[in-house]
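Data file: coords.pdb. Format and content: PDB, C-alpha atoms, pLDDT in the B column.
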```pdb
ATOM      1  CA  MET A   1     101.438  88.635  79.297  1.00 45.00           C
ATOM      2  CA  PRO A   2      98.624  86.123  78.710  1.00 47.00           C
ATOM      3  CA  ASN A   3      95.514  87.468  77.040  1.00 57.00           C
ATOM      4  CA  LYS A   4      91.963  87.271  78.361  1.00 82.00           C
ATOM      5  CA  ILE A   5      92.830  87.168  82.042  1.00 86.00           C
ATOM      6  CA  PRO A   6      89.497  87.240  83.944  1.00 90.00           C
ATOM      7  CA  HIS A   7      88.570  90.739  85.123  1.00 88.00           C
ATOM      8  CA  ILE A   8      88.035  89.442  88.649  1.00 92.00           C
ATOM      9  CA  VAL A   9      91.671  88.288  88.720  1.00 94.00           C
ATOM     10  CA  ILE A  10      92.938  91.677  87.501  1.00 92.00           C
ATOM     11  CA  GLY A  11      90.801  93.270  90.201  1.00 91.00           C
ATOM     12  CA  ARG A  12      92.621  91.337  92.913  1.00 94.00           C
ATOM     13  CA  LEU A  13      96.153  92.146  91.722  1.00 94.00           C
ATOM     14  CA  PRO A  14      96.194  95.680  93.196  1.00 94.00           C
ATOM     15  CA  LEU A  15      95.177  94.153  96.549  1.00 94.00           C
ATOM     16  CA  TYR A  16      98.133  91.790  96.367  1.00 95.00           C
ATOM     17  CA  LEU A  17     100.418  94.665  95.422  1.00 94.00           C
ATOM     18  CA  ARG A  18      99.199  96.791  98.329  1.00 94.00           C
ATOM     19  CA  VAL A  19      99.826  94.126 100.951  1.00 95.00           C
ATOM     20  CA  LEU A  20     103.196  93.204  99.412  1.00 96.00           C
ATOM     21  CA  ASN A  21     104.312  96.831  99.646  1.00 94.00           C
ATOM     22  CA  ARG A  22     103.240  96.849 103.281  1.00 94.00           C
ATOM     23  CA  LEU A  23     105.259  93.705 104.009  1.00 96.00           C
ATOM     24  CA  HIS A  24     108.252  95.123 102.137  1.00 96.00           C
ATOM     25  CA  LYS A  25     108.170  98.270 104.287  1.00 94.00           C
ATOM     26  CA  GLU A  26     108.153  96.012 107.352  1.00 95.00           C
ATOM     27  CA  GLY A  27     111.402  94.468 106.127  1.00 95.00           C
ATOM     28  CA  LYS A  28     110.051  91.088 105.082  1.00 94.00           C
ATOM     29  CA  VAL A  29     111.764  89.314 102.191  1.00 95.00           C
ATOM     30  CA  TYR A  30     109.474  86.349 101.491  1.00 94.00           C
ATOM     31  CA  ALA A  31     105.741  85.744 101.887  1.00 95.00           C
ATOM     32  CA  SER A  32     103.770  82.550 101.444  1.00 94.00           C
ATOM     33  CA  SER A  33     100.379  82.364  99.805  1.00 94.00           C
ATOM     34  CA  GLN A  34      99.007  81.365 103.223  1.00 94.00           C
ATOM     35  CA  GLU A  35     100.385  84.543 104.803  1.00 94.00           C
ATOM     36  CA  LEU A  36      99.024  86.713 101.999  1.00 95.00           C
ATOM     37  CA  GLY A  37      95.687  84.935 102.246  1.00 94.00           C
ATOM     38  CA  LYS A  38      95.358  85.670 105.970  1.00 94.00           C
ATOM     39  CA  LEU A  39      96.108  89.356 105.401  1.00 95.00           C
ATOM     40  CA  LEU A  40      93.644  89.637 102.518  1.00 95.00           C
ATOM     41  CA  ASP A  41      90.950  87.172 103.601  1.00 94.00           C
ATOM     42  CA  ILE A  42      91.467  85.310 100.309  1.00 95.00           C
ATOM     43  CA  SER A  43      92.289  81.612 100.160  1.00 95.00           C
ATOM     44  CA  ALA A  44      95.910  80.665  99.550  1.00 93.00           C
ATOM     45  CA  ALA A  45      94.764  78.448  96.668  1.00 94.00           C
ATOM     46  CA  GLN A  46      93.030  81.401  95.015  1.00 96.00           C
ATOM     47  CA  ILE A  47      96.132  83.565  95.310  1.00 95.00           C
ATOM     48  CA  ARG A  48      98.306  80.861  93.774  1.00 93.00           C
ATOM     49  CA  LYS A  49      95.786  80.341  90.968  1.00 94.00           C
ATOM     50  CA  ASP A  50      95.561  84.084  90.253  1.00 95.00           C
ATOM     51  CA  LEU A  51      99.325  84.556  90.103  1.00 95.00           C
ATOM     52  CA  SER A  52      99.841  81.413  88.015  1.00 93.00           C
ATOM     53  CA  HIS A  53      98.168  83.210  85.093  1.00 93.00           C
ATOM     54  CA  PHE A  54     101.386  85.224  84.793  1.00 91.00           C
ATOM     55  CA  GLY A  55     103.978  82.461  85.038  1.00 87.00           C
ATOM     56  CA  GLU A  56     106.027  80.962  87.850  1.00 86.00           C
ATOM     57  CA  LEU A  57     106.240  83.871  90.285  1.00 88.00           C
ATOM     58  CA  GLY A  58     106.942  81.861  93.424  1.00 83.00           C
ATOM     59  CA  LYS A  59     108.735  78.727  94.576  1.00 82.00           C
ATOM     60  CA  ARG A  60     107.262  75.742  96.369  1.00 80.00           C
ATOM     61  CA  GLY A  61     108.489  75.663  99.954  1.00 77.00           C
ATOM     62  CA  THR A  62     109.832  79.218  99.792  1.00 82.00           C
ATOM     63  CA  GLY A  63     106.858  81.301  98.740  1.00 89.00           C
ATOM     64  CA  TYR A  64     107.095  84.607  96.915  1.00 94.00           C
ATOM     65  CA  GLN A  65     110.142  86.856  96.965  1.00 95.00           C
ATOM     66  CA  ILE A  66     108.373  90.081  97.884  1.00 95.00           C
ATOM     67  CA  GLU A  67     110.497  92.632  96.036  1.00 95.00           C
ATOM     68  CA  PHE A  68     110.481  90.506  92.870  1.00 95.00           C
ATOM     69  CA  LEU A  69     106.702  90.033  93.016  1.00 96.00           C
ATOM     70  CA  ILE A  70     106.156  93.773  93.572  1.00 94.00           C
ATOM     71  CA  ASP A  71     108.200  94.466  90.425  1.00 94.00           C
ATOM     72  CA  GLU A  72     106.348  91.816  88.416  1.00 94.00           C
ATOM     73  CA  LEU A  73     102.899  93.019  89.473  1.00 94.00           C
ATOM     74  CA  GLY A  74     103.944  96.580  88.649  1.00 91.00           C
ATOM     75  CA  LYS A  75     104.798  95.462  85.124  1.00 92.00           C
ATOM     76  CA  ILE A  76     101.573  93.475  84.773  1.00 93.00           C
ATOM     77  CA  LEU A  77      99.450  96.407  85.966  1.00 91.00           C
ATOM     78  CA  ASN A  78     101.523  98.928  83.996  1.00 89.00           C
ATOM     79  CA  THR A  79     102.235 100.885  87.187  1.00 85.00           C
ATOM     80  CA  ASP A  80     106.003 100.682  86.758  1.00 83.00           C
ATOM     81  CA  THR A  81     105.673 104.098  85.102  1.00 87.00           C
ATOM     82  CA  ILE A  82     103.750 107.263  86.021  1.00 91.00           C
ATOM     83  CA  TRP A  83     100.404 107.685  84.262  1.00 94.00           C
ATOM     84  CA  LYS A  84      99.108 111.230  84.013  1.00 95.00           C
ATOM     85  CA  MET A  85      95.403 111.620  84.636  1.00 96.00           C
ATOM     86  CA  ALA A  86      92.739 114.307  84.527  1.00 97.00           C
ATOM     87  CA  VAL A  87      89.988 115.042  87.013  1.00 97.00           C
ATOM     88  CA  VAL A  88      86.741 116.481  85.665  1.00 98.00           C
ATOM     89  CA  GLY A  89      84.663 118.241  88.293  1.00 97.00           C
ATOM     90  CA  ALA A  90      86.173 120.659  90.801  1.00 96.00           C
ATOM     91  CA  GLY A  91      83.677 120.110  93.604  1.00 95.00           C
ATOM     92  CA  ASP A  92      84.417 118.499  96.956  1.00 94.00           C
ATOM     93  CA  VAL A  93      85.386 115.126  95.462  1.00 94.00           C
ATOM     94  CA  GLY A  94      87.466 116.723  92.723  1.00 95.00           C
ATOM     95  CA  HIS A  95      89.306 118.882  95.251  1.00 94.00           C
ATOM     96  CA  ALA A  96      90.039 115.859  97.420  1.00 95.00           C
ATOM     97  CA  LEU A  97      91.347 113.831  94.471  1.00 94.00           C
ATOM     98  CA  ALA A  98      93.528 116.673  93.183  1.00 93.00           C
ATOM     99  CA  ASN A  99      95.026 117.161  96.640  1.00 92.00           C
ATOM    100  CA  TYR A 100      95.531 113.469  97.401  1.00 92.00           C
ATOM    101  CA  ASN A 101      99.211 112.599  97.770  1.00 87.00           C
ATOM    102  CA  GLY A 102      98.815 108.846  97.587  1.00 87.00           C
ATOM    103  CA  PHE A 103      98.576 108.459  93.810  1.00 90.00           C
ATOM    104  CA  VAL A 104     102.153 109.107  92.707  1.00 86.00           C
ATOM    105  CA  ASN A 105     103.764 106.284  94.665  1.00 85.00           C
ATOM    106  CA  ARG A 106     101.263 103.929  93.028  1.00 86.00           C
ATOM    107  CA  GLY A 107     101.939 105.085  89.476  1.00 88.00           C
ATOM    108  CA  PHE A 108      99.525 107.963  88.896  1.00 93.00           C
ATOM    109  CA  GLU A 109      99.728 111.763  88.788  1.00 94.00           C
ATOM    110  CA  VAL A 110      96.847 114.229  88.617  1.00 96.00           C
ATOM    111  CA  ALA A 111      98.071 116.457  85.795  1.00 96.00           C
ATOM    112  CA  ALA A 112      94.928 118.504  85.120  1.00 97.00           C
ATOM    113  CA  ILE A 113      91.546 119.357  86.581  1.00 97.00           C
ATOM    114  CA  PHE A 114      88.586 120.660  84.581  1.00 98.00           C
ATOM    115  CA  ASP A 115      85.229 122.240  85.336  1.00 97.00           C
ATOM    116  CA  CYS A 116      82.518 123.897  83.248  1.00 94.00           C
ATOM    117  CA  ASP A 117      81.580 126.432  85.940  1.00 95.00           C
ATOM    118  CA  PRO A 118      83.125 129.804  85.013  1.00 95.00           C
ATOM    119  CA  ASP A 119      83.233 130.722  88.719  1.00 96.00           C
ATOM    120  CA  LYS A 120      85.629 127.809  89.326  1.00 96.00           C
ATOM    121  CA  VAL A 121      87.756 128.059  86.185  1.00 97.00           C
ATOM    122  CA  GLY A 122      91.066 129.768  86.925  1.00 96.00           C
ATOM    123  CA  ASN A 123      91.063 128.932  90.624  1.00 96.00           C
ATOM    124  CA  GLN A 124      93.950 126.986  92.122  1.00 95.00           C
ATOM    125  CA  ILE A 125      93.870 123.552  93.725  1.00 94.00           C
ATOM    126  CA  GLY A 126      97.351 122.988  95.050  1.00 90.00           C
ATOM    127  CA  ASP A 127      99.696 123.379  92.072  1.00 91.00           C
ATOM    128  CA  LEU A 128      96.895 122.947  89.527  1.00 95.00           C
ATOM    129  CA  THR A 129      94.823 125.645  87.871  1.00 96.00           C
ATOM    130  CA  ILE A 130      91.245 124.610  87.104  1.00 97.00           C
ATOM    131  CA  LYS A 131      90.827 124.551  83.326  1.00 97.00           C
ATOM    132  CA  ASP A 132      87.632 125.067  81.358  1.00 97.00           C
ATOM    133  CA  CYS A 133      86.194 121.906  79.834  1.00 96.00           C
ATOM    134  CA  SER A 134      86.615 123.487  76.404  1.00 95.00           C
ATOM    135  CA  GLU A 135      90.400 123.130  76.866  1.00 96.00           C
ATOM    136  CA  MET A 136      90.188 119.398  77.448  1.00 97.00           C
ATOM    137  CA  GLN A 137      91.514 118.215  74.087  1.00 97.00           C
ATOM    138  CA  ALA A 138      94.493 120.573  74.106  1.00 97.00           C
ATOM    139  CA  VAL A 139      95.488 119.712  77.686  1.00 97.00           C
ATOM    140  CA  VAL A 140      95.037 115.957  77.207  1.00 97.00           C
ATOM    141  CA  ASP A 141      97.278 116.103  74.147  1.00 96.00           C
ATOM    142  CA  GLN A 142      99.878 118.327  75.830  1.00 96.00           C
ATOM    143  CA  GLU A 143     100.097 116.230  79.013  1.00 95.00           C
ATOM    144  CA  ASN A 144      99.670 112.860  77.248  1.00 95.00           C
ATOM    145  CA  ILE A 145      96.792 111.985  79.572  1.00 96.00           C
ATOM    146  CA  LYS A 146      95.414 108.439  79.270  1.00 94.00           C
ATOM    147  CA  ILE A 147      93.226 108.164  82.381  1.00 96.00           C
ATOM    148  CA  ALA A 148      90.469 110.423  83.670  1.00 97.00           C
ATOM    149  CA  VAL A 149      88.355 110.644  86.803  1.00 97.00           C
ATOM    150  CA  ILE A 150      84.792 111.918  86.573  1.00 97.00           C
ATOM    151  CA  ALA A 151      83.666 113.735  89.728  1.00 96.00           C
ATOM    152  CA  THR A 152      80.669 115.616  88.341  1.00 96.00           C
ATOM    153  CA  PRO A 153      76.956 115.496  89.155  1.00 95.00           C
ATOM    154  CA  ALA A 154      75.178 112.498  87.634  1.00 95.00           C
ATOM    155  CA  GLU A 155      73.378 114.536  84.978  1.00 96.00           C
ATOM    156  CA  ALA A 156      76.667 115.751  83.490  1.00 96.00           C
ATOM    157  CA  ALA A 157      78.672 112.536  83.679  1.00 96.00           C
ATOM    158  CA  GLN A 158      77.634 110.814  80.429  1.00 97.00           C
ATOM    159  CA  GLN A 159      78.452 113.877  78.312  1.00 97.00           C
ATOM    160  CA  VAL A 160      81.741 114.336  80.163  1.00 97.00           C
ATOM    161  CA  ALA A 161      82.604 110.701  79.465  1.00 97.00           C
ATOM    162  CA  GLU A 162      81.876 111.158  75.767  1.00 96.00           C
ATOM    163  CA  ASP A 163      83.990 114.329  75.680  1.00 96.00           C
ATOM    164  CA  LEU A 164      86.881 112.542  77.387  1.00 97.00           C
ATOM    165  CA  ILE A 165      86.670 109.581  75.031  1.00 96.00           C
ATOM    166  CA  SER A 166      86.728 111.930  72.051  1.00 96.00           C
ATOM    167  CA  THR A 167      90.095 113.261  73.288  1.00 96.00           C
ATOM    168  CA  GLY A 168      91.546 109.752  73.286  1.00 94.00           C
ATOM    169  CA  VAL A 169      91.100 108.813  76.934  1.00 96.00           C
ATOM    170  CA  LYS A 170      90.464 105.068  77.211  1.00 93.00           C
ATOM    171  CA  ALA A 171      90.264 104.541  80.984  1.00 96.00           C
ATOM    172  CA  ILE A 172      87.779 106.295  83.274  1.00 97.00           C
ATOM    173  CA  LEU A 173      87.229 106.164  87.024  1.00 97.00           C
ATOM    174  CA  ASN A 174      83.656 107.333  87.591  1.00 97.00           C
ATOM    175  CA  TYR A 175      82.565 108.813  90.918  1.00 95.00           C
ATOM    176  CA  ALA A 176      79.280 110.129  89.525  1.00 95.00           C
ATOM    177  CA  PRO A 177      76.273 108.100  90.735  1.00 93.00           C
ATOM    178  CA  ILE A 178      75.316 106.873  87.277  1.00 94.00           C
ATOM    179  CA  PHE A 179      76.265 103.952  85.048  1.00 95.00           C
ATOM    180  CA  LEU A 180      78.158 105.198  81.994  1.00 96.00           C
ATOM    181  CA  LYS A 181      77.523 103.810  78.518  1.00 95.00           C
ATOM    182  CA  VAL A 182      80.792 103.578  76.607  1.00 95.00           C
ATOM    183  CA  ALA A 183      82.333 101.644  73.722  1.00 93.00           C
ATOM    184  CA  ASP A 184      83.838  98.225  74.375  1.00 91.00           C
ATOM    185  CA  ASP A 185      87.399  99.525  74.034  1.00 92.00           C
ATOM    186  CA  VAL A 186      86.920 102.024  76.884  1.00 95.00           C
ATOM    187  CA  HIS A 187      87.433 100.717  80.410  1.00 94.00           C
ATOM    188  CA  VAL A 188      85.333 102.212  83.216  1.00 96.00           C
ATOM    189  CA  GLU A 189      85.414 101.620  86.961  1.00 94.00           C
ATOM    190  CA  HIS A 190      82.436 102.940  88.926  1.00 94.00           C
ATOM    191  CA  ILE A 191      82.814 104.138  92.518  1.00 93.00           C
ATOM    192  CA  ASP A 192      79.674 105.205  94.382  1.00 91.00           C
ATOM    193  CA  PRO A 193      80.315 105.434  98.155  1.00 89.00           C
ATOM    194  CA  ALA A 194      76.562 105.595  98.850  1.00 90.00           C
ATOM    195  CA  VAL A 195      76.095 102.180  97.244  1.00 89.00           C
ATOM    196  CA  HIS A 196      78.744 100.680  99.518  1.00 89.00           C
ATOM    197  CA  LEU A 197      77.179 102.383 102.547  1.00 92.00           C
ATOM    198  CA  GLN A 198      73.802 100.901 101.616  1.00 91.00           C
ATOM    199  CA  LYS A 199      75.417  97.463 101.465  1.00 90.00           C
ATOM    200  CA  LEU A 200      76.823  98.045 104.954  1.00 92.00           C
ATOM    201  CA  SER A 201      73.547  99.358 106.359  1.00 94.00           C
ATOM    202  CA  TYR A 202      71.857  96.091 105.370  1.00 92.00           C
ATOM    203  CA  TYR A 203      73.819  94.407 108.164  1.00 93.00           C
ATOM    204  CA  LEU A 204      72.844  96.965 110.818  1.00 94.00           C
ATOM    205  CA  GLU A 205      69.889  96.561 113.106  1.00 80.00           C
TER     206      GLU A 205
END
```

Give the structure from the file, written as structure tokens.
Amino acid sequence: MPNKIPHIVIGRLPLYLRVLNRLHKEGKVYASSQELGKLLDISAAQIRKDLSHFGELGKRGTGYQIEFLIDELGKILNTDTIWKMAVVGAGDVGHALANYNGFVNRGFEVAAIFDCDPDKVGNQIGDLTIKDCSEMQAVVDQENIKIAVIATPAEAAQQVAEDLISTGVKAILNYAPIFLKVADDVHVEHIDPAVHLQKLSYYLE
């Protein structure tokens, strides 16, 4: 795969994959860049440019063979396998993430959940037992965990990130309302629903 693909392009690939899976479930075999663009509110030219980074994935006059493109995007995004991930923080968000059934069919499995509160450690969330944060290294090694989700209060998140990185985790999805400082070889995505709500409220009278 080509190196140094712009991050903004990588960020759009899961959107393409999501709509392609939807079209596949509807029984469609081919999709044009124009059709994808209408569904995603992205220009057809942008879609073609994004996908061209990864070779000739479509044919002029025919468009994209949906099942083939789903397979190719899965390989590009490394979601053609199941990645085990850990959730740190067994509060409301952590519970919701651990119970969410929509990860596995997209290539991810919550394999462990941790918390530092002794009143929570040992409790069950679905099939998972909440582990103490002190067990993080052992569990990460045992389950071969590469991705983690931080769902802790803001004041705990930076230390949790450092603890996760020390276990070998290199990819973090951060729900805590704080910007994490990490090394360049660690990839972090920040999700703060309140920030997105504040963006929306700007447009309200």

Using CA of Met85 (chain A) and CA of Leu40 (chain A) as the two end points, give the distance in Å to one decimal. 28.4 Å

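Shortest separation to Leu77 (chain A) among A:Gly107, A:Pro153, A:Pro118, A:Pro6 occurs at residue A:Gly107, atoms counted being all atoms listed in the file.
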
Would you write out, as number ranges by chain, every residue that the PyMOL selection byres ((chain A and resi 146) around 12) captures in this file? A: 82-87, 108-112, 137, 139-145, 147-149, 164-173, 186-187

Which of A:Leu13, A:Tyr100, A:Gly91, A:Arg106 sits closest to Lys120 (chain A) [using only C-alpha atoms]: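 Checking each of A:Leu13, A:Tyr100, A:Gly91, A:Arg106 against Lys120 (chain A), counting only C-alpha atoms, the winner is A:Gly91.
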
Here CA of Gly94 (chain A) and CA of Leu15 (chain A) stand apart by 24.2 Å

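Residue nearest Gln124 (chain A), chosen from A:Lys59, A:His95, A:Lys181, A:His190 and counting only C-alpha atoms: A:His95.
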
Could you please determine the separation between CA of Glu135 (chain A) and CA of Asn78 (chain A) in Å, to one decimal place?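 Here the two named atoms are 27.6 Å from each other.
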
For the file shown, report as an MDAnalysis selection string the outcome of the PyMOL selection byres ((chain A and resi 34) around 12) at residue level. chainID A and resid 30:33 35:48 61:64

For the residues in that selection, give me C-alpha atoms as a PDB file, in the frame of the given file.
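Writing done, so here's part-v2.pdb:
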```
ATOM      1  CA  TYR A  30     109.474  86.349 101.491  1.00 94.00           C
ATOM      2  CA  ALA A  31     105.741  85.744 101.887  1.00 95.00           C
ATOM      3  CA  SER A  32     103.770  82.550 101.444  1.00 94.00           C
ATOM      4  CA  SER A  33     100.379  82.364  99.805  1.00 94.00           C
ATOM      5  CA  GLU A  35     100.385  84.543 104.803  1.00 94.00           C
ATOM      6  CA  LEU A  36      99.024  86.713 101.999  1.00 95.00           C
ATOM      7  CA  GLY A  37      95.687  84.935 102.246  1.00 94.00           C
ATOM      8  CA  LYS A  38      95.358  85.670 105.970  1.00 94.00           C
ATOM      9  CA  LEU A  39      96.108  89.356 105.401  1.00 95.00           C
ATOM     10  CA  LEU A  40      93.644  89.637 102.518  1.00 95.00           C
ATOM     11  CA  ASP A  41      90.950  87.172 103.601  1.00 94.00           C
ATOM     12  CA  ILE A  42      91.467  85.310 100.309  1.00 95.00           C
ATOM     13  CA  SER A  43      92.289  81.612 100.160  1.00 95.00           C
ATOM     14  CA  ALA A  44      95.910  80.665  99.550  1.00 93.00           C
ATOM     15  CA  ALA A  45      94.764  78.448  96.668  1.00 94.00           C
ATOM     16  CA  GLN A  46      93.030  81.401  95.015  1.00 96.00           C
ATOM     17  CA  ILE A  47      96.132  83.565  95.310  1.00 95.00           C
ATOM     18  CA  ARG A  48      98.306  80.861  93.774  1.00 93.00           C
ATOM     19  CA  GLY A  61     108.489  75.663  99.954  1.00 77.00           C
ATOM     20  CA  THR A  62     109.832  79.218  99.792  1.00 82.00           C
ATOM     21  CA  GLY A  63     106.858  81.301  98.740  1.00 89.00           C
ATOM     22  CA  TYR A  64     107.095  84.607  96.915  1.00 94.00           C
TER      23      TYR A  64
END
```

Measuring atom to atom with all atoms listed in the file, identify which of A:Lys25, A:Arg18, A:His53, A:His196 is nearest to Ile5 (chain A).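 Nearest candidate to Ile5 (chain A) out of A:Lys25, A:Arg18, A:His53, A:His196: A:His53.
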
Which residue gives the smallest distance to His7 (chain A) among A:Gln65, A:Val19, A:Glu189, A:Glu155, with all atoms listed in the file counted?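 Nearest candidate to His7 (chain A) out of A:Gln65, A:Val19, A:Glu189, A:Glu155: A:Glu189.
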
Taking all atoms of region 77-89 of chain A that appear in the file, build a box with edges along x, y and z, extend it by 4 Å on every side, and state its centre and edge lengths in Å to one decimal, as lines of an AutoDock Vina configuration file.
```
center_x = 95.3
center_y = 107.3
center_z = 86.1
size_x = 29.3
size_y = 29.8
size_z = 12.3
```

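Picked by the PyMOL selection byres ((chain A and resi 192) around 12) from the coordinates shown: Val93, Ile150, Ala151, Pro153, Ala154, Leu173, Asn174, Tyr175, Ala176, Pro177, Ile178, Phe179, Glu189, His190, Ile191, Pro193, Ala194, Val195, His196, Leu197, Gln198 and Lys199 of chain A.
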
Between A:Leu69, A:Ile113, A:Val88, A:Ile8, smallest distance to Val160 (chain A) by only C-alpha atoms belongs to A:Val88

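Neighbours of Asp117 (chain A) closer than or equal to 9 Å, with all atoms listed in the file counted and sequence neighbours fewer than 4 positions away skipped, come out as Ala90, Val121, Asp132 and Cys133 of chain A.
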